[in-house]
file query_18.cif (mmCIF, C-alpha atoms)
data_coords
#
loop_
_atom_site.label_atom_id
_atom_site.label_comp_id
_atom_site.auth_asym_id
_atom_site.auth_seq_id
_atom_site.Cartn_x
_atom_site.Cartn_y
_atom_site.Cartn_z
CA MET A 472 6.74 -15.94 29.00
CA THR A 473 4.04 -15.42 31.61
CA ASP A 474 4.14 -11.63 31.38
CA VAL A 475 3.93 -11.79 27.63
CA GLU A 476 0.97 -14.10 27.65
CA GLN A 477 -0.85 -12.01 30.21
CA THR A 478 -0.75 -8.94 28.00
CA GLY A 479 -2.99 -10.66 25.47
CA VAL A 480 -0.66 -10.75 22.49
CA ASP A 481 -2.59 -11.09 19.23
CA THR A 482 -1.37 -14.05 17.21
CA LYS A 483 -3.82 -13.83 14.33
CA SER A 484 -2.42 -14.41 10.89
CA THR A 485 -2.79 -11.88 8.15
CA GLN A 486 -4.90 -11.85 5.02
CA ASP A 487 -5.88 -8.82 3.01
CA SER A 488 -7.58 -10.07 -0.11
CA THR A 489 -8.52 -6.60 -1.36
CA GLN A 490 -4.83 -5.88 -1.94
CA GLY A 491 -4.24 -9.17 -3.71
CA THR A 492 -2.25 -10.21 -0.69
CA GLU A 493 -1.85 -13.72 0.62
CA SER A 494 0.82 -14.40 3.23
CA LYS A 495 1.48 -18.00 4.12
CA VAL A 496 3.26 -17.21 7.38
CA ALA A 497 2.26 -14.41 9.72
CA GLY A 498 4.87 -11.84 10.59
CA ALA A 499 4.84 -9.35 13.45
CA THR A 500 5.94 -5.84 14.31
CA VAL A 501 7.93 -5.12 17.47
CA TRP A 502 8.37 -1.43 18.18
CA PHE A 503 11.21 -0.34 20.49
CA THR A 504 10.35 3.04 21.98
CA GLY A 505 12.53 5.02 24.38
CA LEU A 506 14.92 7.94 24.73
CA PRO A 507 17.90 8.46 22.43
CA SER A 508 20.75 6.17 23.56
CA ALA A 509 18.34 4.04 25.61
CA GLY A 510 19.53 0.90 23.79
CA LYS A 511 16.68 0.46 21.28
CA SER A 512 18.84 -0.19 18.21
CA THR A 513 21.30 -2.35 20.13
CA ILE A 514 18.56 -4.71 21.30
CA ALA A 515 16.75 -4.66 17.93
CA HIS A 516 19.88 -5.56 15.96
CA ALA A 517 20.98 -8.23 18.45
CA LEU A 518 17.47 -9.71 18.33
CA ALA A 519 17.53 -9.55 14.51
CA ASP A 520 20.78 -11.53 14.42
CA GLU A 521 19.28 -14.11 16.78
CA LEU A 522 16.07 -14.39 14.72
CA VAL A 523 17.99 -14.72 11.44
CA ARG A 524 19.89 -17.62 13.02
CA ALA A 525 16.49 -19.13 13.88
CA GLY A 526 15.51 -18.92 10.21
CA VAL A 527 13.11 -16.01 10.60
CA ASP A 528 12.73 -13.38 7.86
CA VAL A 529 13.58 -10.14 9.68
CA HIS A 530 13.84 -6.46 8.84
CA VAL A 531 15.09 -3.69 11.10
CA LEU A 532 13.43 -0.40 10.18
CA ASP A 533 16.04 1.79 11.81
CA GLY A 534 15.56 5.55 11.99
CA ASP A 535 18.84 6.07 10.14
CA GLU A 536 17.73 3.77 7.32
CA VAL A 537 14.28 5.24 6.79
CA ARG A 538 15.19 8.92 7.21
CA PRO A 539 16.22 9.72 3.60
CA TYR A 540 13.15 7.96 2.20
CA LEU A 541 10.29 8.24 4.67
CA SER A 542 11.21 11.25 6.78
CA LYS A 543 12.29 13.59 3.97
CA GLY A 544 10.72 17.02 4.37
CA LEU A 545 9.66 16.36 7.97
CA GLY A 546 11.00 18.31 10.95
CA PHE A 547 10.80 17.89 14.70
CA SER A 548 7.43 19.49 15.40
CA ARG A 549 4.94 17.26 17.15
CA GLU A 550 2.88 17.03 13.95
CA ASP A 551 5.86 16.04 11.83
CA ARG A 552 7.08 13.51 14.40
CA ASP A 553 3.64 11.93 14.46
CA ILE A 554 3.43 11.75 10.64
CA ASN A 555 6.84 10.09 10.68
CA VAL A 556 5.85 7.49 13.29
CA VAL A 557 2.53 6.65 11.61
CA ARG A 558 4.30 6.37 8.25
CA ILE A 559 7.01 4.06 9.58
CA GLY A 560 4.26 2.08 11.31
CA TYR A 561 2.45 1.65 7.99
CA VAL A 562 5.60 0.34 6.28
CA ALA A 563 6.23 -2.01 9.22
CA ARG A 564 2.65 -3.26 8.96
CA LEU A 565 3.03 -3.92 5.21
CA LEU A 566 6.24 -5.89 5.75
CA SER A 567 4.81 -7.82 8.70
CA SER A 568 1.63 -8.60 6.76
CA HIS A 569 3.88 -10.47 4.31
CA GLY A 570 5.49 -12.68 6.92
CA VAL A 571 8.41 -10.49 7.95
CA VAL A 572 9.29 -9.86 11.59
CA THR A 573 9.77 -6.11 11.52
CA LEU A 574 11.75 -4.53 14.35
CA VAL A 575 11.41 -0.76 14.71
CA PRO A 576 13.89 1.00 17.01
CA VAL A 577 12.43 4.50 16.67
CA ILE A 578 11.93 6.95 19.59
CA ALA A 579 8.21 7.65 18.89
CA PRO A 580 7.91 10.12 21.78
CA TYR A 581 4.12 10.66 21.68
CA ALA A 582 1.67 8.11 23.05
CA ASP A 583 -0.99 9.13 20.54
CA ALA A 584 1.07 8.26 17.46
CA ARG A 585 2.12 4.94 19.01
CA LYS A 586 -1.55 4.23 19.67
CA LYS A 587 -2.36 4.95 16.02
CA VAL A 588 0.28 2.48 14.86
CA ARG A 589 -1.08 -0.17 17.21
CA ALA A 590 -4.64 0.46 15.98
CA ASP A 591 -3.53 0.29 12.34
CA HIS A 592 -1.96 -3.10 13.00
CA ARG A 593 -5.04 -4.35 14.83
CA GLU A 594 -7.38 -3.19 12.03
CA ASN A 595 -5.26 -5.10 9.54
CA GLU A 596 -4.88 -8.12 11.86
CA VAL A 597 -1.11 -7.86 11.99
CA PRO A 598 0.49 -8.84 15.32
CA PHE A 599 2.10 -5.89 17.11
CA ALA A 600 3.89 -5.31 20.39
CA GLU A 601 5.65 -2.42 22.04
CA VAL A 602 8.90 -2.71 23.98
CA PHE A 603 9.54 0.27 26.25
CA VAL A 604 13.31 0.64 26.61
CA SER A 605 12.98 2.56 29.83
CA THR A 606 16.59 3.51 30.51
CA SER A 607 16.54 6.80 32.44
CA VAL A 608 17.69 10.10 30.99
CA GLU A 609 20.53 10.21 33.53
CA VAL A 610 21.95 7.02 32.00
CA THR A 611 21.17 7.81 28.36
CA GLU A 612 22.76 11.25 28.68
CA GLN A 613 25.93 9.69 30.05
CA ARG A 614 26.05 7.24 27.14
CA ASP A 615 25.20 9.88 24.53
CA VAL A 616 26.07 7.54 21.65
CA LYS A 617 25.65 10.23 18.98
CA GLY A 618 26.75 13.23 21.05
CA LEU A 619 23.27 14.74 20.78
CA TYR A 620 22.70 15.30 24.50
CA ALA A 621 25.94 17.31 24.73
CA LYS A 622 24.88 19.38 21.72
CA ALA A 623 21.45 19.99 23.25
CA ARG A 624 23.00 21.05 26.57
CA ARG A 625 25.27 23.46 24.70
CA GLY A 626 22.21 24.83 22.92
CA GLU A 627 23.52 23.78 19.51
CA ILE A 628 20.42 21.75 18.75
CA SER A 629 16.86 22.03 20.00
CA GLY A 630 13.93 19.64 20.07
CA MET A 631 16.01 16.94 21.74
CA THR A 632 13.72 14.29 23.21
CA GLY A 633 14.35 14.01 26.95
CA ILE A 634 16.00 17.44 27.19
CA ASP A 635 13.79 20.14 25.68
CA ASP A 636 11.23 17.95 23.91
CA PRO A 637 8.78 15.61 25.65
CA TYR A 638 8.85 11.84 25.86
CA GLU A 639 5.54 10.31 26.92
CA GLU A 640 6.25 7.03 28.69
CA PRO A 641 4.16 4.06 27.51
CA THR A 642 1.69 2.68 30.05
CA SER A 643 0.72 -0.43 28.10
CA ALA A 644 3.95 -1.77 26.62
CA GLU A 645 4.17 -5.55 26.37
CA LEU A 646 7.71 -5.43 27.74
CA VAL A 647 9.66 -2.85 29.75
CA ILE A 648 13.44 -3.11 29.71
CA ASP A 649 15.84 -0.80 31.55
CA THR A 650 19.19 -1.47 29.88
CA ALA A 651 21.01 -0.05 32.90
CA GLU A 652 19.68 -3.05 34.84
CA VAL A 653 19.16 -5.80 32.25
CA ALA A 654 22.00 -7.44 30.30
CA LEU A 655 21.78 -7.47 26.50
CA THR A 656 21.55 -11.27 26.36
CA ASP A 657 18.55 -11.16 28.70
CA SER A 658 16.96 -8.37 26.65
CA VAL A 659 17.36 -10.53 23.55
CA SER A 660 15.88 -13.59 25.33
CA MET A 661 12.86 -11.63 26.50
CA THR A 662 12.18 -9.93 23.17
CA LYS A 663 12.69 -13.23 21.36
CA ALA A 664 10.09 -14.85 23.64
CA LEU A 665 7.75 -11.93 22.92
CA THR A 666 8.28 -12.39 19.17
CA SER A 667 7.60 -16.09 19.49
CA ALA A 668 4.33 -15.34 21.28
CA LEU A 669 3.34 -12.83 18.58
CA LEU A 670 4.06 -15.33 15.83
CA GLY A 671 2.25 -18.09 17.71
CA ARG A 672 5.08 -20.54 17.17
CA ASP A 673 8.24 -21.71 18.89
CA LEU A 674 11.58 -20.36 17.70
CA PRO A 675 14.69 -22.56 17.88
CA MET B 215 9.04 -14.14 -23.54
CA THR B 216 11.69 -13.19 -26.10
CA ASP B 217 11.19 -9.46 -25.67
CA VAL B 218 11.39 -9.79 -21.93
CA GLU B 219 14.61 -11.77 -22.05
CA GLN B 220 16.19 -9.36 -24.49
CA THR B 221 15.76 -6.46 -22.12
CA GLY B 222 18.18 -8.08 -19.69
CA VAL B 223 15.85 -8.60 -16.75
CA ASP B 224 17.79 -8.98 -13.52
CA THR B 225 16.90 -12.19 -11.72
CA LYS B 226 19.31 -11.90 -8.82
CA SER B 227 18.00 -12.88 -5.45
CA THR B 228 18.08 -10.52 -2.55
CA GLN B 229 20.19 -10.50 0.57
CA ASP B 230 20.89 -7.53 2.79
CA SER B 231 22.75 -8.82 5.79
CA THR B 232 23.38 -5.37 7.28
CA GLN B 233 19.66 -5.07 7.97
CA GLY B 234 19.41 -8.53 9.50
CA THR B 235 17.50 -9.55 6.41
CA GLU B 236 17.37 -12.99 4.91
CA SER B 237 14.80 -13.70 2.24
CA LYS B 238 14.40 -17.29 1.16
CA VAL B 239 12.62 -16.45 -2.09
CA ALA B 240 13.35 -13.43 -4.23
CA GLY B 241 10.53 -11.05 -4.96
CA ALA B 242 10.32 -8.38 -7.63
CA THR B 243 8.89 -4.94 -8.26
CA VAL B 244 6.84 -4.20 -11.37
CA TRP B 245 6.05 -0.51 -11.84
CA PHE B 246 3.11 0.46 -14.07
CA THR B 247 3.66 4.00 -15.34
CA GLY B 248 1.30 5.92 -17.60
CA LEU B 249 -1.36 8.62 -17.77
CA PRO B 250 -4.38 8.70 -15.45
CA SER B 251 -7.00 6.23 -16.75
CA ALA B 252 -4.40 4.47 -18.93
CA GLY B 253 -5.29 1.13 -17.32
CA LYS B 254 -2.40 0.78 -14.85
CA SER B 255 -4.48 -0.27 -11.83
CA THR B 256 -6.73 -2.52 -13.91
CA ILE B 257 -3.78 -4.52 -15.22
CA ALA B 258 -1.98 -4.53 -11.85
CA HIS B 259 -5.01 -5.85 -9.94
CA ALA B 260 -5.86 -8.44 -12.63
CA LEU B 261 -2.23 -9.59 -12.59
CA ALA B 262 -2.30 -9.69 -8.77
CA ASP B 263 -5.34 -11.97 -8.82
CA GLU B 264 -3.62 -14.23 -11.34
CA LEU B 265 -0.39 -14.35 -9.29
CA VAL B 266 -2.26 -15.08 -6.06
CA ARG B 267 -3.89 -18.03 -7.84
CA ALA B 268 -0.37 -19.14 -8.79
CA GLY B 269 0.60 -19.10 -5.11
CA VAL B 270 2.71 -15.94 -5.30
CA ASP B 271 2.86 -13.51 -2.37
CA VAL B 272 1.70 -10.23 -3.98
CA HIS B 273 1.10 -6.66 -2.87
CA VAL B 274 -0.42 -3.87 -4.96
CA LEU B 275 0.94 -0.51 -3.79
CA ASP B 276 -1.86 1.54 -5.29
CA GLY B 277 -1.75 5.33 -5.20
CA ASP B 278 -5.04 5.41 -3.34
CA GLU B 279 -3.73 3.03 -0.70
CA VAL B 280 -0.43 4.78 -0.03
CA ARG B 281 -1.68 8.37 -0.22
CA PRO B 282 -2.77 8.84 3.43
CA TYR B 283 0.45 7.28 4.73
CA LEU B 284 3.27 7.98 2.29
CA SER B 285 2.07 11.04 0.38
CA LYS B 286 0.78 13.06 3.34
CA GLY B 287 2.00 16.65 3.16
CA LEU B 288 3.10 16.34 -0.46
CA GLY B 289 1.57 18.36 -3.32
CA PHE B 290 1.82 18.21 -7.09
CA SER B 291 5.03 20.17 -7.67
CA ARG B 292 7.71 18.31 -9.55
CA GLU B 293 9.80 18.05 -6.36
CA ASP B 294 6.92 16.64 -4.32
CA ARG B 295 5.93 14.20 -7.06
CA ASP B 296 9.52 12.95 -7.21
CA ILE B 297 9.74 12.54 -3.41
CA ASN B 298 6.50 10.56 -3.58
CA VAL B 299 7.73 8.25 -6.36
CA VAL B 300 11.11 7.62 -4.72
CA ARG B 301 9.39 6.95 -1.38
CA ILE B 302 6.91 4.48 -2.88
CA GLY B 303 9.83 2.90 -4.73
CA TYR B 304 11.67 2.41 -1.45
CA VAL B 305 8.66 0.70 0.16
CA ALA B 306 8.25 -1.50 -2.93
CA ARG B 307 11.94 -2.41 -2.74
CA LEU B 308 11.62 -3.35 0.95
CA LEU B 309 8.62 -5.59 0.28
CA SER B 310 10.22 -7.17 -2.80
CA SER B 311 13.46 -7.78 -0.90
CA HIS B 312 11.40 -10.02 1.39
CA GLY B 313 10.01 -12.19 -1.37
CA VAL B 314 6.89 -10.21 -2.24
CA VAL B 315 5.94 -9.44 -5.84
CA THR B 316 5.10 -5.75 -5.51
CA LEU B 317 2.97 -4.17 -8.22
CA VAL B 318 2.97 -0.37 -8.34
CA PRO B 319 0.32 1.30 -10.52
CA VAL B 320 1.46 4.90 -9.95
CA ILE B 321 1.72 7.58 -12.70
CA ALA B 322 5.36 8.56 -11.93
CA PRO B 323 5.42 11.24 -14.65
CA TYR B 324 9.14 12.14 -14.49
CA ALA B 325 11.83 9.92 -16.02
CA ASP B 326 14.40 11.03 -13.45
CA ALA B 327 12.41 9.75 -10.44
CA ARG B 328 11.68 6.45 -12.21
CA LYS B 329 15.42 6.13 -12.90
CA LYS B 330 16.14 6.69 -9.19
CA VAL B 331 13.75 3.91 -8.23
CA ARG B 332 15.36 1.55 -10.74
CA ALA B 333 18.84 2.43 -9.46
CA ASP B 334 17.75 1.92 -5.84
CA HIS B 335 16.51 -1.56 -6.73
CA ARG B 336 19.69 -2.38 -8.63
CA GLU B 337 21.92 -1.21 -5.75
CA ASN B 338 19.98 -3.47 -3.41
CA GLU B 339 19.88 -6.34 -5.93
CA VAL B 340 16.10 -6.43 -6.06
CA PRO B 341 14.59 -7.33 -9.45
CA PHE B 342 12.72 -4.43 -11.04
CA ALA B 343 10.87 -3.80 -14.28
CA GLU B 344 8.85 -0.99 -15.75
CA VAL B 345 5.64 -1.45 -17.71
CA PHE B 346 4.72 1.60 -19.77
CA VAL B 347 0.94 1.63 -20.12
CA SER B 348 1.09 3.79 -23.22
CA THR B 349 -2.61 4.44 -23.84
CA SER B 350 -2.87 7.84 -25.56
CA VAL B 351 -4.32 10.92 -23.88
CA GLU B 352 -7.17 10.92 -26.43
CA VAL B 353 -8.28 7.52 -25.12
CA THR B 354 -7.57 8.14 -21.43
CA GLU B 355 -9.47 11.42 -21.52
CA GLN B 356 -12.48 9.66 -23.02
CA ARG B 357 -12.37 7.02 -20.28
CA ASP B 358 -11.76 9.56 -17.48
CA VAL B 359 -12.40 6.96 -14.77
CA LYS B 360 -12.22 9.49 -11.92
CA GLY B 361 -13.61 12.50 -13.79
CA LEU B 362 -10.29 14.31 -13.42
CA TYR B 363 -9.80 15.16 -17.09
CA ALA B 364 -13.18 16.87 -17.20
CA LYS B 365 -12.33 18.84 -14.07
CA ALA B 366 -8.98 19.86 -15.54
CA ARG B 367 -10.64 20.99 -18.79
CA ARG B 368 -13.10 23.07 -16.79
CA GLY B 369 -10.17 24.59 -14.90
CA GLU B 370 -11.40 23.20 -11.56
CA ILE B 371 -8.12 21.42 -10.92
CA SER B 372 -4.60 22.13 -12.14
CA GLY B 373 -1.46 20.04 -12.35
CA MET B 374 -3.28 17.24 -14.21
CA THR B 375 -0.75 14.93 -15.83
CA GLY B 376 -1.35 14.85 -19.58
CA ILE B 377 -3.33 18.10 -19.60
CA ASP B 378 -1.38 20.89 -17.91
CA ASP B 379 1.36 18.84 -16.28
CA PRO B 380 4.05 16.88 -18.15
CA TYR B 381 4.33 13.14 -18.62
CA GLU B 382 7.75 12.00 -19.77
CA GLU B 383 7.36 8.78 -21.74
CA PRO B 384 9.71 5.95 -20.77
CA THR B 385 12.30 4.98 -23.37
CA SER B 386 13.57 1.86 -21.62
CA ALA B 387 10.47 0.14 -20.25
CA GLU B 388 10.61 -3.67 -20.26
CA LEU B 389 7.07 -3.78 -21.64
CA VAL B 390 4.90 -1.27 -23.48
CA ILE B 391 1.15 -1.87 -23.46
CA ASP B 392 -1.46 0.29 -25.17
CA THR B 393 -4.72 -0.79 -23.57
CA ALA B 394 -6.68 0.65 -26.50
CA GLU B 395 -5.08 -2.08 -28.63
CA VAL B 396 -4.29 -4.93 -26.21
CA ALA B 397 -6.96 -6.96 -24.40
CA LEU B 398 -6.74 -7.22 -20.61
CA THR B 399 -6.15 -10.99 -20.73
CA ASP B 400 -3.18 -10.43 -23.03
CA SER B 401 -1.85 -7.66 -20.81
CA VAL B 402 -2.05 -10.04 -17.86
CA SER B 403 -0.29 -12.82 -19.83
CA MET B 404 2.53 -10.50 -20.84
CA THR B 405 3.06 -8.98 -17.41
CA LYS B 406 2.86 -12.43 -15.82
CA ALA B 407 5.60 -13.63 -18.19
CA LEU B 408 7.66 -10.56 -17.28
CA THR B 409 7.17 -11.31 -13.56
CA SER B 410 8.19 -14.93 -14.12
CA ALA B 411 11.37 -13.74 -15.85
CA LEU B 412 12.13 -11.33 -12.99
CA LEU B 413 11.66 -14.08 -10.42
CA GLY B 414 13.73 -16.51 -12.47
CA ARG B 415 11.12 -19.24 -12.10
CA ASP B 416 8.09 -20.60 -13.92
CA LEU B 417 4.65 -19.67 -12.65
CA PRO B 418 1.77 -22.13 -12.99
#
call {"tool": "encode", "arguments": {"input": "query_18.cif", "output": "C-alpha cells"}}
result
Amino acid sequence: MTDVEQTGVDTKSTQDSTQGTESKVAGATVWFTGLPSAGKSTIAHALADELVRAGVDVHVLDGDEVRPYLSKGLGFSREDRDINVVRIGYVARLLSSHGVVTLVPVIAPYADARKKVRADHRENEVPFAEVFVSTSVEVTEQRDVKGLYAKARRGEISGMTGIDDPYEEPTSAELVIDTAEVALTDSVSMTKALTSALLGRDLP
Amino acid sequence: MTDVEQTGVDTKSTQDSTQGTESKVAGATVWFTGLPSAGKSTIAHALADELVRAGVDVHVLDGDEVRPYLSKGLGFSREDRDINVVRIGYVARLLSSHGVVTLVPVIAPYADARKKVRADHRENEVPFAEVFVSTSVEVTEQRDVKGLYAKARRGEISGMTGIDDPYEEPTSAELVIDTAEVALTDSVSMTKALTSALLGRDLP
C-alpha cells in the first residue's frame, strides 16, 4: 500500500449538481495500459471478479465491448486512436461518477490522450489511476493471444502497436506490473489495494 | 399511472455477469425525443431536479454535454445521426445498468435508430421508455431557443430537423407530451410516474 499512498491518489467523492447528479458512493476509474497481449484484460477481469465478491459495483470497459458502439468509424491513425481513448475515458468517468468502479483494459498508446483522460477525471473530481502493464514486446509477441503479432510480422496488418506503431510508456503510472514477473494473484492483490485507496475505504 | 402501466413498461432489474457487473438497484433510461425547442431538455432537467430531491441517482445525457466526447467527427447525415443516437443509447444503457436513472433529451429524428436503442436496452434487460415531446413545428419555431430555425429559414444552416431534415414521429412512445398544451409541472409529474413504473418502486 505504501507505493500507492505515495503517488497521491485522489479519494475525493463526486458531485456534479449541474447534471442533476448525486452519487452516494464514490466510484473510481482504473486504466490498464500496455501492449497487446500484455495481460491488461486478464488482470482487469480477475480484479472485477474479486471486487464483485467484495460487493463492489464494477464495470469492465473492454476494447472488444466498446468497439461497435464507441469506436465505430474510427481507424488506427494517431488522431482516431486519441479520440477513441478520450471517448472511452469520458464514459468511464460518467460511470465512476455514479459510484461504479470502472476498469479499462485498453492499450491507449499515446501519453497525451492518457493525460487528457486523467485531467478530465480530475476536473470532475472522479478518482483515477493508471496501471502500466509493462510486459515486454518479446513476451507479448510470444503470447500473441489474438494472433495479431504474427499477422503484423507477415505484413497482413499494419498499425500494430509495438511492431509498426508506437507505444509511449507511462512515466507516472500509479502501478507498474510486468506479468512475466508477477503472478496474477499478486497483480489482483496490488490492483485491489490501489482501488481501495482510490475509493478511500477498505475492501473485504 | 394507468396509461403507463398499459404500455407494458419493463421493470426487470439488471445483471450482466459477463462484464463483472452487479447492480444492487435497477436504473432506467428515459429518452425525450422531439423537434428542437420542443421542450425536451426543460422537462428532463426539471424531472432530474425532482428525482434528485427524491434521492434518486440521476444523470442527464444532454446533447450539449455529449457532443465533444461522443459526437466528435460525426455530421448531420442520416448515417451519422444514427451512429450518434445508438452511441448515446449505449452510454445511457451502461449508466442505467448500474442503477442510474438516465434522462436523454436528444432529438433522435429517425425511428429506426430509436428502435435500435430500445432493442439494446431490452437485450440487456435495462428498463427503457420513450417520451415523445410532440410540440408542433409552428410552436417550436416561434420559441427557437437557440436561433436555429431562423438560421435555417435564412439558409445559413442546412439539415435542420423539422425544416429541411426529417423527423419521424414515434408511434409507440410510452408518453406523448405537447408542451404547448401541458404545463411543466404536469410534464414532470407524468414523467416521474413513468420513471417510478420503470423502476418498479414508489418515489417520494
call {"tool": "residues_around", "arguments": {"input": "query_18.cif", "residues": "Ser512 in chain A", "least_positions_apart": "5", "cutoff": "8 Å", "atoms": "only C-alpha atoms", "output": "count of residues only"}}
result
3
call {"tool": "resolve_selection", "arguments": {"input": "query_18.cif", "expression": "the PyMOL selection byres ((chain B and resi 259) around 9)", "output": "list in words"}}
result
Gln490 and Gly491 of chain A; Lys254, Ser255, Thr256, Ile257, Ala258, Ala260, Leu261, Ala262, Asp263, Glu264, Val274, Leu317 and Pro319 of chain B
call {"tool": "interface_residues", "arguments": {"input": "query_18.cif", "of": "chain A", "to": "chain B", "cutoff": "10 Å", "atoms": "only C-alpha atoms", "output": "ChimeraX atom specification"}}
result
/A:487-495,515-524,526-533,536-537,539-545,551,554-555,557-563,565-574
call {"tool": "write_last_selection", "arguments": {"input": "query_18.cif", "atoms": "C-alpha atoms", "output": "PDB file, keeping the file's coordinate frame"}}
result
ATOM      1  CA  ASP A 487      -5.880  -8.820   3.010  1.00  0.00           C
ATOM      2  CA  SER A 488      -7.580 -10.070  -0.110  1.00  0.00           C
ATOM      3  CA  THR A 489      -8.520  -6.600  -1.360  1.00  0.00           C
ATOM      4  CA  GLN A 490      -4.830  -5.880  -1.940  1.00  0.00           C
ATOM      5  CA  GLY A 491      -4.240  -9.170  -3.710  1.00  0.00           C
ATOM      6  CA  THR A 492      -2.250 -10.210  -0.690  1.00  0.00           C
ATOM      7  CA  GLU A 493      -1.850 -13.720   0.620  1.00  0.00           C
ATOM      8  CA  SER A 494       0.820 -14.400   3.230  1.00  0.00           C
ATOM      9  CA  LYS A 495       1.480 -18.000   4.120  1.00  0.00           C
ATOM     10  CA  ALA A 515      16.750  -4.660  17.930  1.00  0.00           C
ATOM     11  CA  HIS A 516      19.880  -5.560  15.960  1.00  0.00           C
ATOM     12  CA  ALA A 517      20.980  -8.230  18.450  1.00  0.00           C
ATOM     13  CA  LEU A 518      17.470  -9.710  18.330  1.00  0.00           C
ATOM     14  CA  ALA A 519      17.530  -9.550  14.510  1.00  0.00           C
ATOM     15  CA  ASP A 520      20.780 -11.530  14.420  1.00  0.00           C
ATOM     16  CA  GLU A 521      19.280 -14.110  16.780  1.00  0.00           C
ATOM     17  CA  LEU A 522      16.070 -14.390  14.720  1.00  0.00           C
ATOM     18  CA  VAL A 523      17.990 -14.720  11.440  1.00  0.00           C
ATOM     19  CA  ARG A 524      19.890 -17.620  13.020  1.00  0.00           C
ATOM     20  CA  GLY A 526      15.510 -18.920  10.210  1.00  0.00           C
ATOM     21  CA  VAL A 527      13.110 -16.010  10.600  1.00  0.00           C
ATOM     22  CA  ASP A 528      12.730 -13.380   7.860  1.00  0.00           C
ATOM     23  CA  VAL A 529      13.580 -10.140   9.680  1.00  0.00           C
ATOM     24  CA  HIS A 530      13.840  -6.460   8.840  1.00  0.00           C
ATOM     25  CA  VAL A 531      15.090  -3.690  11.100  1.00  0.00           C
ATOM     26  CA  LEU A 532      13.430  -0.400  10.180  1.00  0.00           C
ATOM     27  CA  ASP A 533      16.040   1.790  11.810  1.00  0.00           C
ATOM     28  CA  GLU A 536      17.730   3.770   7.320  1.00  0.00           C
ATOM     29  CA  VAL A 537      14.280   5.240   6.790  1.00  0.00           C
ATOM     30  CA  PRO A 539      16.220   9.720   3.600  1.00  0.00           C
ATOM     31  CA  TYR A 540      13.150   7.960   2.200  1.00  0.00           C
ATOM     32  CA  LEU A 541      10.290   8.240   4.670  1.00  0.00           C
ATOM     33  CA  SER A 542      11.210  11.250   6.780  1.00  0.00           C
ATOM     34  CA  LYS A 543      12.290  13.590   3.970  1.00  0.00           C
ATOM     35  CA  GLY A 544      10.720  17.020   4.370  1.00  0.00           C
ATOM     36  CA  LEU A 545       9.660  16.360   7.970  1.00  0.00           C
ATOM     37  CA  ASP A 551       5.860  16.040  11.830  1.00  0.00           C
ATOM     38  CA  ILE A 554       3.430  11.750  10.640  1.00  0.00           C
ATOM     39  CA  ASN A 555       6.840  10.090  10.680  1.00  0.00           C
ATOM     40  CA  VAL A 557       2.530   6.650  11.610  1.00  0.00           C
ATOM     41  CA  ARG A 558       4.300   6.370   8.250  1.00  0.00           C
ATOM     42  CA  ILE A 559       7.010   4.060   9.580  1.00  0.00           C
ATOM     43  CA  GLY A 560       4.260   2.080  11.310  1.00  0.00           C
ATOM     44  CA  TYR A 561       2.450   1.650   7.990  1.00  0.00           C
ATOM     45  CA  VAL A 562       5.600   0.340   6.280  1.00  0.00           C
ATOM     46  CA  ALA A 563       6.230  -2.010   9.220  1.00  0.00           C
ATOM     47  CA  LEU A 565       3.030  -3.920   5.210  1.00  0.00           C
ATOM     48  CA  LEU A 566       6.240  -5.890   5.750  1.00  0.00           C
ATOM     49  CA  SER A 567       4.810  -7.820   8.700  1.00  0.00           C
ATOM     50  CA  SER A 568       1.630  -8.600   6.760  1.00  0.00           C
ATOM     51  CA  HIS A 569       3.880 -10.470   4.310  1.00  0.00           C
ATOM     52  CA  GLY A 570       5.490 -12.680   6.920  1.00  0.00           C
ATOM     53  CA  VAL A 571       8.410 -10.490   7.950  1.00  0.00           C
ATOM     54  CA  VAL A 572       9.290  -9.860  11.590  1.00  0.00           C
ATOM     55  CA  THR A 573       9.770  -6.110  11.520  1.00  0.00           C
ATOM     56  CA  LEU A 574      11.750  -4.530  14.350  1.00  0.00           C
TER      57      LEU A 574
END
call {"tool": "atom_distance", "arguments": {"input": "query_18.cif", "atom1": "CA of Gly546 in chain A", "atom2": "CA of Ser629 in chain A"}}
result
11.4 Å
call {"tool": "atom_distance", "arguments": {"input": "query_18.cif", "atom1": "CA of Glu550 in chain A", "atom2": "CA of Tyr581 in chain A"}}
result
10.1 Å
call {"tool": "residues_around", "arguments": {"input": "query_18.cif", "residues": "Leu362 in chain B", "least_positions_apart": "2", "cutoff": "10 Å", "atoms": "all atoms listed in the file", "output": "list in words"}}
result
Pro250, Ser251, Glu355, Asp358, Val359, Lys360, Ala364, Lys365, Ala366, Arg367, Arg368, Glu370, Ile371, Ser372, Met374 and Thr375 of chain B
call {"tool": "closest_residue", "arguments": {"input": "query_18.cif", "among": "A:Arg552, A:Arg614, A:Arg672, A:Arg564", "to": "Ala590 in chain A", "atoms": "all atoms listed in the file"}}
result
A:Arg564
call {"tool": "residues_around", "arguments": {"input": "query_18.cif", "residues": "Gly505 in chain A", "least_positions_apart": "4", "cutoff": "8 Å", "atoms": "all atoms listed in the file", "output": "NGL selection string"}}
result
:A and (509 or 511 or 577-580 or 603-606 or 638 or 640)
call {"tool": "resolve_selection", "arguments": {"input": "query_18.cif", "expression": "the PyMOL selection byres ((chain A and resi 651-666) around 8)", "output": "MDAnalysis selection string"}}
result
chainID A and resid 472 475 499 501 514 517:518 521:522 602 606 610 646 648:650 667:670
call {"tool": "write_last_selection", "arguments": {"input": "query_18.cif", "atoms": "C-alpha atoms", "output": "compact mmCIF listing (two decimals), in the frame of the given file"}}
result
# COMPACT_ATOMS: atom_id res chain seq x y z
CA MET A 472 6.74 -15.94 29.00
CA VAL A 475 3.93 -11.79 27.63
CA ALA A 499 4.84 -9.35 13.45
CA VAL A 501 7.93 -5.12 17.47
CA ILE A 514 18.56 -4.71 21.30
CA ALA A 517 20.98 -8.23 18.45
CA LEU A 518 17.47 -9.71 18.33
CA GLU A 521 19.28 -14.11 16.78
CA LEU A 522 16.07 -14.39 14.72
CA VAL A 602 8.90 -2.71 23.98
CA THR A 606 16.59 3.51 30.51
CA VAL A 610 21.95 7.02 32.00
CA LEU A 646 7.71 -5.43 27.74
CA ILE A 648 13.44 -3.11 29.71
CA ASP A 649 15.84 -0.80 31.55
CA THR A 650 19.19 -1.47 29.88
CA SER A 667 7.60 -16.09 19.49
CA ALA A 668 4.33 -15.34 21.28
CA LEU A 669 3.34 -12.83 18.58
CA LEU A 670 4.06 -15.33 15.83
